[in-house]
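Q: Sharing structure19.tsv below, TSV, C-alpha atoms and all ligand atoms:
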chain	number	residue	atom	x	y	z
A	1	MET	CA	-158.63	-88.85	-48.74
A	2	THR	CA	-157.93	-85.20	-47.88
A	3	THR	CA	-160.38	-82.68	-49.37
A	4	ILE	CA	-159.75	-78.94	-49.78
A	5	SER	CA	-161.98	-78.16	-46.79
A	6	ASP	CA	-159.88	-80.43	-44.58
A	7	LEU	CA	-156.78	-78.36	-45.22
A	8	THR	CA	-155.70	-76.03	-42.47
A	9	ALA	CA	-155.09	-72.38	-43.32
A	10	ALA	CA	-151.38	-73.10	-43.34
A	11	GLU	CA	-151.83	-75.95	-45.86
A	12	SER	CA	-154.35	-74.21	-48.13
A	13	THR	CA	-153.15	-73.35	-51.62
A	14	SER	CA	-155.73	-70.64	-52.27
A	15	ASP	CA	-155.73	-66.95	-51.31
A	16	ARG	CA	-152.13	-67.13	-50.14
A	17	ARG	CA	-151.69	-63.46	-51.01
A	18	ILE	CA	-155.18	-62.15	-50.23
A	19	LYS	CA	-155.26	-60.18	-46.99
A	20	SER	CA	-159.03	-59.68	-46.86
A	21	PHE	CA	-162.31	-59.50	-48.74
A	22	ARG	CA	-164.63	-56.59	-47.85
A	23	SER	CA	-168.22	-56.65	-49.04
A	24	ILE	CA	-169.64	-53.52	-50.63
A	25	PRO	CA	-173.24	-52.66	-51.58
A	26	SER	CA	-174.38	-53.91	-54.97
A	27	PRO	CA	-174.55	-51.56	-57.98
A	28	ASP	CA	-178.35	-51.74	-57.74
A	29	ALA	CA	-178.27	-50.65	-54.07
A	30	ILE	CA	-176.04	-47.62	-54.73
A	31	ARG	CA	-177.99	-46.63	-57.85
A	32	THR	CA	-181.27	-46.85	-55.89
A	33	GLU	CA	-179.82	-44.75	-53.08
A	34	LEU	CA	-178.57	-42.10	-55.52
A	35	PRO	CA	-181.00	-42.34	-58.42
A	36	LEU	CA	-180.26	-40.93	-61.86
A	37	THR	CA	-183.98	-40.00	-62.27
A	38	SER	CA	-185.70	-39.93	-65.65
A	39	ARG	CA	-184.98	-36.22	-66.14
A	40	ARG	CA	-181.22	-36.77	-65.87
A	41	ALA	CA	-181.42	-40.00	-67.89
A	42	LEU	CA	-182.96	-38.08	-70.81
A	43	THR	CA	-180.15	-35.51	-70.58
A	44	VAL	CA	-177.45	-38.20	-70.53
A	45	GLN	CA	-179.03	-39.95	-73.50
A	46	ARG	CA	-179.27	-36.70	-75.50
A	47	ASP	CA	-175.63	-35.88	-74.70
A	48	ARG	CA	-174.47	-39.36	-75.74
A	49	GLU	CA	-176.27	-38.95	-79.06
A	50	GLU	CA	-174.71	-35.53	-79.67
A	51	VAL	CA	-171.25	-36.90	-78.86
A	52	ALA	CA	-171.80	-39.88	-81.18
A	53	ASP	CA	-173.00	-37.53	-83.96
A	54	ILE	CA	-169.84	-35.41	-83.67
A	55	LEU	CA	-167.59	-38.48	-83.66
A	56	ALA	CA	-169.37	-39.84	-86.74
A	57	GLY	CA	-169.19	-36.49	-88.59
A	58	ARG	CA	-172.98	-35.91	-88.58
A	59	ASP	CA	-172.49	-32.78	-86.45
A	60	ASP	CA	-169.56	-30.54	-87.36
A	61	ARG	CA	-168.89	-29.17	-83.88
A	62	LEU	CA	-165.71	-30.12	-82.03
A	63	LEU	CA	-166.03	-32.43	-79.02
A	64	VAL	CA	-163.92	-31.12	-76.12
A	65	VAL	CA	-163.33	-33.32	-73.07
A	66	VAL	CA	-161.94	-30.95	-70.47
A	67	GLY	CA	-161.37	-31.13	-66.74
A	68	PRO	CA	-158.96	-32.26	-64.05
A	69	CYS	CA	-156.54	-35.12	-64.56
A	70	SER	CA	-158.22	-36.68	-61.53
A	71	VAL	CA	-160.91	-35.67	-59.06
A	72	HIS	CA	-159.66	-35.75	-55.46
A	73	ASP	CA	-161.77	-32.98	-53.91
A	74	PRO	CA	-165.47	-33.03	-54.92
A	75	ILE	CA	-165.93	-29.42	-53.75
A	76	ALA	CA	-163.21	-28.16	-56.08
A	77	ALA	CA	-164.64	-30.33	-58.88
A	78	ILE	CA	-168.08	-28.74	-58.48
A	79	ASP	CA	-166.49	-25.30	-58.27
A	80	TYR	CA	-164.76	-26.09	-61.59
A	81	ALA	CA	-168.05	-27.37	-63.10
A	82	ARG	CA	-169.83	-24.14	-62.06
A	83	ARG	CA	-167.26	-22.15	-64.03
A	84	LEU	CA	-167.25	-24.53	-67.01
A	85	ALA	CA	-171.05	-24.74	-67.42
A	86	PRO	CA	-171.57	-21.12	-68.59
A	87	LEU	CA	-168.60	-21.43	-70.98
A	88	ALA	CA	-170.03	-24.65	-72.39
A	89	ALA	CA	-173.32	-22.83	-73.02
A	90	ASP	CA	-171.54	-19.84	-74.63
A	91	HIS	CA	-169.60	-22.08	-77.04
A	92	ALA	CA	-172.40	-24.59	-77.63
A	93	ASP	CA	-172.83	-23.70	-81.29
A	94	ARG	CA	-169.20	-24.67	-82.05
A	95	LEU	CA	-168.06	-26.96	-79.25
A	96	LYS	CA	-169.66	-29.83	-77.38
A	97	ILE	CA	-167.99	-29.57	-74.00
A	98	VAL	CA	-167.88	-32.68	-71.78
A	99	MET	CA	-166.33	-32.38	-68.32
A	100	ARG	CA	-163.53	-34.82	-67.60
A	101	VAL	CA	-164.48	-36.35	-64.25
A	102	TYR	CA	-161.86	-39.06	-63.76
A	103	PHE	CA	-162.23	-41.18	-60.62
A	104	GLU	CA	-159.92	-44.08	-61.57
A	105	LYS	CA	-156.21	-43.55	-62.25
A	106	PRO	CA	-154.03	-46.14	-63.99
A	107	ARG	CA	-150.48	-45.97	-62.63
A	108	THR	CA	-147.22	-46.68	-64.41
A	109	THR	CA	-146.12	-48.57	-61.30
A	110	VAL	CA	-147.79	-47.54	-58.04
A	111	GLY	CA	-149.48	-44.42	-56.68
A	112	TRP	CA	-152.88	-43.06	-55.64
A	113	LYS	CA	-155.46	-44.88	-57.79
A	114	GLY	CA	-158.19	-42.30	-57.62
A	115	LEU	CA	-161.18	-41.18	-55.60
A	116	ILE	CA	-163.15	-44.43	-55.88
A	117	ASN	CA	-160.22	-46.54	-54.68
A	118	ASP	CA	-159.03	-44.26	-51.87
A	119	PRO	CA	-161.27	-41.21	-51.35
A	120	GLY	CA	-159.37	-40.19	-48.20
A	121	MET	CA	-156.01	-40.32	-50.05
A	122	ASP	CA	-154.65	-41.80	-46.82
A	123	GLY	CA	-154.48	-45.51	-47.54
A	124	SER	CA	-157.84	-46.21	-45.85
A	125	PHE	CA	-159.30	-47.41	-49.20
A	126	ASP	CA	-162.92	-46.66	-48.28
A	127	VAL	CA	-164.19	-47.84	-51.66
A	128	GLU	CA	-167.82	-47.75	-50.52
A	129	ARG	CA	-167.52	-44.04	-49.70
A	130	GLY	CA	-165.58	-43.53	-52.94
A	131	LEU	CA	-168.42	-45.02	-55.01
A	132	ARG	CA	-171.07	-42.88	-53.28
A	133	THR	CA	-169.00	-39.71	-53.55
A	134	ALA	CA	-168.26	-40.35	-57.21
A	135	ARG	CA	-171.87	-41.06	-58.13
A	136	SER	CA	-173.26	-38.13	-56.22
A	137	LEU	CA	-170.71	-35.78	-57.83
A	138	LEU	CA	-171.69	-36.99	-61.30
A	139	LEU	CA	-175.37	-36.28	-60.55
A	140	ASP	CA	-174.52	-32.77	-59.29
A	141	ILE	CA	-172.46	-32.00	-62.40
A	142	ILE	CA	-175.25	-33.22	-64.70
A	143	ASP	CA	-177.60	-30.88	-62.81
A	144	LEU	CA	-175.33	-27.98	-63.77
A	145	GLY	CA	-176.00	-28.86	-67.41
A	146	LEU	CA	-172.65	-30.52	-68.18
A	147	PRO	CA	-172.18	-34.00	-69.67
A	148	VAL	CA	-169.50	-36.03	-67.90
A	149	GLY	CA	-166.66	-38.20	-69.21
A	150	CYS	CA	-164.79	-40.89	-67.21
A	151	GLU	CA	-161.99	-43.36	-67.78
A	152	PHE	CA	-163.14	-46.91	-67.04
A	153	LEU	CA	-160.33	-48.80	-65.39
A	154	GLU	CA	-162.02	-51.62	-63.47
A	155	PRO	CA	-164.48	-54.01	-65.09
A	156	THR	CA	-166.94	-53.78	-62.15
A	157	SER	CA	-166.97	-50.07	-61.21
A	158	PRO	CA	-168.92	-48.90	-64.29
A	159	GLN	CA	-171.99	-50.72	-62.96
A	160	TYR	CA	-172.09	-48.09	-60.20
A	161	ILE	CA	-171.73	-44.93	-62.31
A	162	ALA	CA	-171.93	-45.54	-66.07
A	163	ASP	CA	-175.63	-44.67	-66.35
A	164	ALA	CA	-174.63	-41.04	-65.66
A	165	VAL	CA	-171.71	-40.92	-68.12
A	166	ALA	CA	-171.99	-39.45	-71.64
A	167	TRP	CA	-168.53	-40.40	-72.95
A	168	GLY	CA	-165.85	-42.81	-71.69
A	169	ALA	CA	-162.19	-43.63	-72.23
A	170	ILE	CA	-159.99	-46.69	-72.13
A	171	GLY	CA	-156.49	-45.49	-71.24
A	172	ALA	CA	-153.12	-46.06	-72.85
A	173	ARG	CA	-152.13	-48.69	-70.29
A	174	THR	CA	-155.26	-50.82	-70.83
A	175	THR	CA	-156.12	-50.22	-74.48
A	176	GLU	CA	-154.65	-53.60	-75.45
A	177	SER	CA	-156.43	-55.46	-72.64
A	178	GLN	CA	-159.12	-57.91	-73.71
A	179	VAL	CA	-160.95	-57.28	-70.43
A	180	HIS	CA	-161.26	-53.56	-71.23
A	181	ARG	CA	-162.24	-54.13	-74.85
A	182	GLN	CA	-164.98	-56.52	-73.71
A	183	LEU	CA	-166.11	-53.95	-71.15
A	184	ALA	CA	-166.31	-51.26	-73.88
A	185	SER	CA	-168.39	-53.60	-76.04
A	186	GLY	CA	-171.15	-53.45	-73.43
A	187	LEU	CA	-170.95	-49.79	-72.39
A	188	SER	CA	-173.84	-47.56	-73.40
A	189	MET	CA	-171.85	-44.48	-74.42
A	190	PRO	CA	-169.18	-43.68	-77.05
A	191	ILE	CA	-165.73	-44.80	-75.90
A	192	GLY	CA	-162.32	-43.48	-76.90
A	193	PHE	CA	-159.35	-45.87	-77.00
A	194	LYS	CA	-155.98	-44.20	-76.37
A	195	ASN	CA	-152.94	-45.23	-78.37
A	196	GLY	CA	-150.43	-47.27	-76.33
A	197	THR	CA	-147.86	-45.59	-74.08
A	198	ASP	CA	-145.21	-46.50	-76.67
A	199	GLY	CA	-147.14	-44.51	-79.30
A	200	ASN	CA	-148.58	-47.56	-81.07
A	201	VAL	CA	-151.85	-46.43	-82.69
A	202	GLN	CA	-152.73	-49.84	-84.15
A	203	VAL	CA	-153.53	-51.21	-80.69
A	204	ALA	CA	-156.19	-48.50	-80.28
A	205	ILE	CA	-157.61	-49.29	-83.72
A	206	ASP	CA	-157.69	-52.97	-82.73
A	207	GLY	CA	-159.47	-51.91	-79.52
A	208	VAL	CA	-162.15	-50.06	-81.50
A	209	LYS	CA	-162.67	-53.11	-83.72
A	210	ALA	CA	-162.76	-55.54	-80.79
A	211	ALA	CA	-165.23	-53.36	-78.86
A	212	ALA	CA	-167.58	-53.22	-81.86
A	213	ALA	CA	-167.96	-57.01	-81.71
A	214	GLN	CA	-170.24	-59.02	-79.45
A	215	HIS	CA	-168.57	-60.71	-76.47
A	216	VAL	CA	-169.31	-63.22	-73.72
A	217	PHE	CA	-167.24	-62.94	-70.53
A	218	PHE	CA	-167.21	-63.10	-66.75
A	219	GLY	CA	-168.67	-60.18	-64.80
A	220	VAL	CA	-171.10	-59.22	-62.05
A	221	ASP	CA	-174.76	-58.37	-62.44
A	222	ASP	CA	-176.64	-55.41	-60.93
A	223	PHE	CA	-176.95	-57.31	-57.65
A	224	GLY	CA	-173.24	-58.03	-57.37
A	225	HIS	CA	-173.60	-61.72	-58.26
A	226	GLY	CA	-171.05	-63.43	-60.45
A	227	ALA	CA	-172.50	-63.68	-63.95
A	228	VAL	CA	-171.78	-64.49	-67.55
A	229	VAL	CA	-172.19	-61.23	-69.45
A	230	GLU	CA	-173.21	-61.14	-73.12
A	231	THR	CA	-172.74	-57.83	-74.92
A	232	ALA	CA	-174.15	-56.47	-78.17
A	233	GLY	CA	-170.97	-54.61	-79.24
A	234	ASN	CA	-170.32	-50.86	-79.24
A	235	ASP	CA	-170.04	-49.26	-82.69
A	236	GLU	CA	-169.49	-45.77	-81.23
A	237	CYS	CA	-165.81	-46.17	-80.32
A	238	HIS	CA	-162.93	-44.06	-81.63
A	239	VAL	CA	-159.18	-43.54	-81.33
A	240	ILE	CA	-157.47	-40.92	-79.13
A	241	LEU	CA	-153.94	-39.84	-80.07
A	242	ARG	CA	-152.02	-39.08	-76.84
A	243	GLY	CA	-148.41	-39.33	-78.03
A	244	GLY	CA	-146.00	-41.93	-76.69
A	245	THR	CA	-142.46	-42.66	-75.61
A	246	THR	CA	-141.34	-41.94	-79.18
A	247	GLY	CA	-142.81	-38.41	-79.02
A	248	PRO	CA	-146.03	-36.51	-79.74
A	249	ASN	CA	-148.51	-37.59	-82.42
A	250	HIS	CA	-150.76	-34.55	-82.77
A	251	ASP	CA	-148.86	-33.14	-85.76
A	252	PRO	CA	-150.53	-33.26	-89.23
A	253	GLU	CA	-148.30	-36.13	-90.47
A	254	SER	CA	-149.08	-38.34	-87.46
A	255	VAL	CA	-152.79	-37.52	-87.72
A	256	ALA	CA	-152.76	-38.37	-91.45
A	257	SER	CA	-151.00	-41.66	-90.72
A	258	ALA	CA	-153.53	-42.58	-88.00
A	259	VAL	CA	-156.42	-41.68	-90.31
A	260	ALA	CA	-154.92	-43.82	-93.10
A	261	ALA	CA	-154.66	-46.75	-90.67
A	262	LEU	CA	-158.32	-46.24	-89.69
A	263	ALA	CA	-159.33	-46.25	-93.37
A	264	LYS	CA	-157.33	-49.44	-93.91
A	265	ALA	CA	-159.19	-51.02	-90.99
A	266	GLY	CA	-162.54	-49.96	-92.52
A	267	LEU	CA	-163.27	-47.52	-89.66
A	268	PRO	CA	-164.46	-43.89	-89.80
A	269	GLU	CA	-161.55	-41.55	-90.57
A	270	ARG	CA	-161.97	-39.42	-87.47
A	271	ILE	CA	-159.93	-39.10	-84.29
A	272	MET	CA	-159.69	-37.25	-80.98
A	273	ILE	CA	-156.40	-35.67	-79.87
A	274	ASP	CA	-155.30	-35.55	-76.24
A	275	CYS	CA	-153.31	-32.31	-75.86
A	276	SER	CA	-151.83	-33.53	-72.57
A	277	HIS	CA	-149.79	-36.64	-71.67
A	278	ALA	CA	-147.07	-37.46	-74.21
A	279	ASN	CA	-148.37	-34.82	-76.66
A	280	SER	CA	-147.31	-32.09	-74.24
A	281	GLY	CA	-144.62	-33.97	-72.29
A	282	LYS	CA	-147.05	-33.57	-69.35
A	283	ASP	CA	-146.24	-29.83	-69.35
A	284	HIS	CA	-149.41	-27.79	-68.86
A	285	ILE	CA	-147.90	-24.71	-70.55
A	286	ARG	CA	-147.01	-26.78	-73.61
A	287	GLN	CA	-150.51	-28.31	-73.48
A	288	ALA	CA	-152.06	-24.93	-74.30
A	289	GLU	CA	-149.66	-24.56	-77.25
A	290	VAL	CA	-150.59	-28.04	-78.53
A	291	ALA	CA	-154.26	-27.04	-78.40
A	292	GLU	CA	-153.42	-23.87	-80.39
A	293	GLU	CA	-151.61	-25.98	-83.00
A	294	ILE	CA	-154.63	-28.25	-83.31
A	295	ALA	CA	-156.94	-25.25	-83.66
A	296	THR	CA	-154.68	-23.95	-86.46
A	297	ALA	CA	-154.73	-27.34	-88.20
A	298	ILE	CA	-158.53	-27.54	-88.00
A	299	ARG	CA	-158.89	-24.00	-89.35
A	300	ALA	CA	-156.54	-24.79	-92.26
A	301	THR	CA	-158.49	-27.94	-93.12
A	302	ARG	CA	-161.82	-26.14	-93.01
A	303	THR	CA	-160.46	-23.32	-95.20
A	304	SER	CA	-159.16	-25.83	-97.74
A	305	GLY	CA	-162.54	-27.56	-97.89
A	306	ALA	CA	-160.96	-30.95	-97.07
A	307	PRO	CA	-162.82	-33.25	-94.64
A	308	VAL	CA	-162.00	-32.48	-90.99
A	309	THR	CA	-160.57	-35.62	-89.40
A	310	ILE	CA	-160.07	-34.18	-85.90
A	311	SER	CA	-163.46	-34.52	-84.25
A	312	GLY	CA	-162.41	-34.16	-80.63
A	313	VAL	CA	-159.84	-32.71	-78.27
A	314	MET	CA	-158.96	-33.63	-74.69
A	315	LEU	CA	-157.59	-31.09	-72.20
A	316	GLU	CA	-156.39	-31.52	-68.63
A	317	SER	CA	-157.51	-28.43	-66.78
A	318	PHE	CA	-158.28	-27.43	-63.19
A	319	LEU	CA	-158.68	-24.26	-61.16
A	320	GLU	CA	-154.97	-23.79	-60.43
A	321	PRO	CA	-152.16	-24.50	-62.89
A	322	GLY	CA	-149.62	-27.30	-62.40
A	323	ALA	CA	-149.74	-30.19	-59.95
A	324	GLN	CA	-148.89	-31.10	-56.37
A	325	SER	CA	-148.16	-34.36	-54.60
A	326	PRO	CA	-151.12	-36.15	-52.99
A	327	ASP	CA	-148.78	-36.68	-50.02
A	328	ASP	CA	-148.31	-32.95	-49.37
A	329	ASP	CA	-149.37	-31.97	-45.82
A	330	GLN	CA	-151.24	-28.90	-47.00
A	331	LEU	CA	-152.97	-29.35	-50.36
A	332	THR	CA	-153.54	-26.33	-52.62
A	333	TYR	CA	-157.25	-25.96	-53.39
A	334	GLY	CA	-158.16	-26.70	-57.02
A	335	GLN	CA	-154.77	-28.06	-58.07
A	336	SER	CA	-154.20	-31.51	-59.59
A	337	VAL	CA	-152.70	-34.30	-57.46
A	338	THR	CA	-151.79	-36.32	-60.58
A	339	ASP	CA	-150.65	-34.81	-63.92
A	340	LYS	CA	-150.12	-31.07	-64.36
A	341	CYS	CA	-153.23	-29.24	-65.54
A	342	MET	CA	-153.78	-25.89	-67.21
A	343	GLY	CA	-155.20	-23.35	-64.78
A	344	TRP	CA	-158.65	-21.84	-65.23
A	345	GLU	CA	-157.67	-18.69	-67.15
A	346	ALA	CA	-155.48	-20.60	-69.61
A	347	SER	CA	-158.24	-23.21	-70.07
A	348	ALA	CA	-160.89	-20.58	-70.83
A	349	ALA	CA	-158.55	-18.99	-73.40
A	350	VAL	CA	-157.90	-22.38	-75.06
A	351	LEU	CA	-161.64	-23.11	-75.27
A	352	ALA	CA	-162.19	-19.73	-76.96
A	353	THR	CA	-159.40	-20.52	-79.46
A	354	LEU	CA	-160.86	-23.95	-80.22
A	355	ALA	CA	-164.32	-22.39	-80.71
A	356	ARG	CA	-162.85	-19.94	-83.24
A	357	SER	CA	-161.24	-22.82	-85.19
A	401	LIG	O1	-153.10	-39.35	-66.37
A	401	LIG	C1	-152.46	-39.62	-65.40
A	401	LIG	C2	-151.17	-40.29	-65.46
A	401	LIG	O2	-150.46	-39.94	-66.59
A	401	LIG	C3	-151.33	-41.78	-65.44
A	401	LIG	O3	-152.30	-42.09	-64.51
A	401	LIG	C4	-150.00	-42.41	-65.10
A	401	LIG	O4	-149.47	-41.80	-64.02
A	401	LIG	P1	-148.07	-42.22	-63.37
A	401	LIG	O5	-147.10	-42.43	-64.48
A	401	LIG	O6	-147.76	-41.02	-62.53
A	401	LIG	O7	-148.30	-43.42	-62.55
A	402	LIG	C1	-154.26	-41.77	-67.70
A	402	LIG	C2	-154.62	-40.97	-68.68
A	402	LIG	O1	-154.12	-40.94	-69.89
A	402	LIG	P1	-153.25	-42.02	-70.65
A	402	LIG	O2	-154.01	-43.29	-70.54
A	402	LIG	O3	-153.19	-41.46	-72.03
A	402	LIG	O4	-151.92	-42.06	-69.98
A	402	LIG	C3	-155.65	-39.93	-68.47
A	402	LIG	O5	-156.19	-39.41	-69.45
A	402	LIG	O6	-155.91	-39.64	-67.31
Translate the structure described by the file into structure tokens.
Ligand SMILES: O=C[C@H](O)[C@H](O)COP(=O)(O)O
Ligand SMILES: C=C(OP(=O)(O)O)C(=O)O
A:
Amino acid sequence: MTTISDLTAAESTSDRRIKSFRSIPSPDAIRTELPLTSRRALTVQRDREEVADILAGRDDRLLVVVGPCSVHDPIAAIDYARRLAPLAADHADRLKIVMRVYFEKPRTTVGWKGLINDPGMDGSFDVERGLRTARSLLLDIIDLGLPVGCEFLEPTSPQYIADAVAWGAIGARTTESQVHRQLASGLSMPIGFKNGTDGNVQVAIDGVKAAAAQHVFFGVDDFGHGAVVETAGNDECHVILRGGTTGPNHDPESVASAVAALAKAGLPERIMIDCSHANSGKDHIRQAEVAEEIATAIRATRTSGAPVTISGVMLESFLEPGAQSPDDDQLTYGQSVTDKCMGWEASAAVLATLARS
């Protein structure tokens, strides 16, 4: 009888489309090499609690997740963080500012998948360097006094960085994925689920409900070994309205409809609004206007005495306005290589407007 091991490479039915496997250090090894330290851990924990309090309505500040669409140049990201940190301190009585430090990019079809996947942006896919660079950047940003927020795109990568993250997102392209909902159920920080790219908000509400439940699934442990993971469930998840192919959904009617759907699902009637993506048509100039409209809506609600249902805002912002292609020969310092971002001056003005709301 022929066994699998007797098969020649040409006859084998497995790994027909795998070109290679490359080992990488375990999460434990990278975390030991670049330790969070107990001082930073206390800061991360305090920030997570403040974020959760805002999302639950126990703290009436506005949560603002602001920063580049993606990090491609750690020096520019730290430069940005150095400018954001004093603003975050100035507005701390009204805003809880979390820096968007996105290392993993979901693509509509194909494209650069972020600093962890390809830190050189040259197709060399040095994931090991990407993980170290990402982790070390998070530690440096925490040291500047800023909490960090990331999108979690891969089920394994959070093991390398999540201990440093105060808030996380599941994106529009993965919000309906069971793998990502299970992942969120075991993450230690509040997680926002985006509505689907088609504008469907119910899938995000379903994501919040699924993530609150306990799950058992396949994963890897701290030492990189295959494992069965059992999670306790994450009751600190929320919905992010990001618009969709049918148009924006940051207007008062869409917000009211999302809040009604949350109430129907027995979930807290509070949401975050992403001013970018389909709410701005990916236009960074329009993004600032969307933020102004949200500030106006919040001010009107507060003046009327009605409960404020908008507990958070997301902004895509970098040092220079607009975006460039990651394939450009000469990259402009501090400009996005994915979606268009507001430049620094416009971002500072928007933060001041949101603080006044
Ligand atoms: O936020 C970034 C992008 O909108 C998202 O990653 C999809 O990008 P793409 O449509 O350019 O692939
Ligand atoms: C990819 C992102 O957004 P969305 O999932 O809403 O497209 C993002 O925030 O970077």
Q: With distances taken over all atoms listed in the file, which residue among A:Lys105, A:Lys96, A:Lys264, A:Lys209 lies nearest ligand LIG 402 (chain A)?
A: A:Lys105
Q: Write out, as CSV, each residue of chain A that has an atom at most 7 Å from ligand LIG 402 (chain A), together with the closest pair of atoms and their distance in Å to one decimal, counting all atoms listed in the file, rows going by chain and rising number.
A:
residue,atom,partner,partner_atom,distance
A:Cys69,CA,A:LIG402,O6,5.3
A:Ser70,CA,A:LIG402,O6,6.9
A:Tyr102,CA,A:LIG402,O6,7.0
A:Lys105,CA,A:LIG402,C1,6.1
A:Pro106,CA,A:LIG402,C1,5.7
A:Gly171,CA,A:LIG402,O2,3.4
A:Ala172,CA,A:LIG402,O2,3.7
A:Arg173,CA,A:LIG402,O2,5.7
A:Lys194,CA,A:LIG402,O3,5.8
A:Thr197,CA,A:LIG402,O4,6.8
A:Arg242,CA,A:LIG402,O3,5.5
A:His277,CA,A:LIG402,O3,5.9
Q: When you draw a straight line from atom CA of Thr109 of chain A to atom C4 of ligand LIG 401 (chain A), how long is it in Å?
A: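 According to the coordinates, atom CA of Thr109 of chain A and atom C4 of ligand LIG 401 (chain A) are separated by 8.2 Å.
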Q: Please determine, counting only C-alpha atoms, which residue among A:Ile54, A:Ala162, A:Val127, A:Phe193 has the shortest atom-to-atom distance to Thr309 of chain A.
A: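 When distances to Thr309 of chain A are compared using only C-alpha atoms, the smallest one comes from A:Ile54.
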Q: May I ask you to write as a ChimeraX atom specification all residues lying at most 12 Å from ligand LIG 401 (chain A), with all atoms listed in the file counted?
A: /A:67-71,100-114,150-151,153,169-174,194,197,242-244,274-283,314-317,323-326,336-341
Q: Could you tell me how far atom CA of Arg181 of chain A sits from atom CA of Ala204 of chain A, in Å to one decimal place?
A: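 Atom-to-atom, atom CA of Ala204 of chain A to atom CA of Arg181 of chain A, that is 9.9 Å.
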Q: For a quick check of understanding, using only C-alpha atoms, which of A:Val216, A:Ala29, A:Val308, A:Leu84 has the smallest distance to Glu345 of chain A?
A: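 Closest candidate: A:Leu84.
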Q: Report, in Å with one decimal, the straight-line distance from atom CA of Val44 of chain A to atom CA of Leu95 of chain A.
A: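 Those two atoms sit 17.0 Å apart.
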Q: Nearest to Ile205 of chain A: which of A:Met99, A:Leu241, A:Leu146, A:Leu115 is it, counting only C-alpha atoms?
A: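 Among the listed residues, the smallest separation from Ile205 of chain A belongs to A:Leu241.
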Q: Smallest atom-to-atom distance to Leu62 of chain A: which of A:Ala288, A:Leu131, A:Leu262, A:Leu351, using only C-alpha atoms?
A: A:Leu351
Q: Name the closest residue to Thr43 of chain A among the candidates A:Leu138, A:Ala164, A:Leu63, A:Ile116; distances are taken between atoms, counting only C-alpha atoms.
A: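 Between A:Leu138, A:Ala164, A:Leu63, A:Ile116, the residue approaching Thr43 of chain A most closely is A:Ala164.
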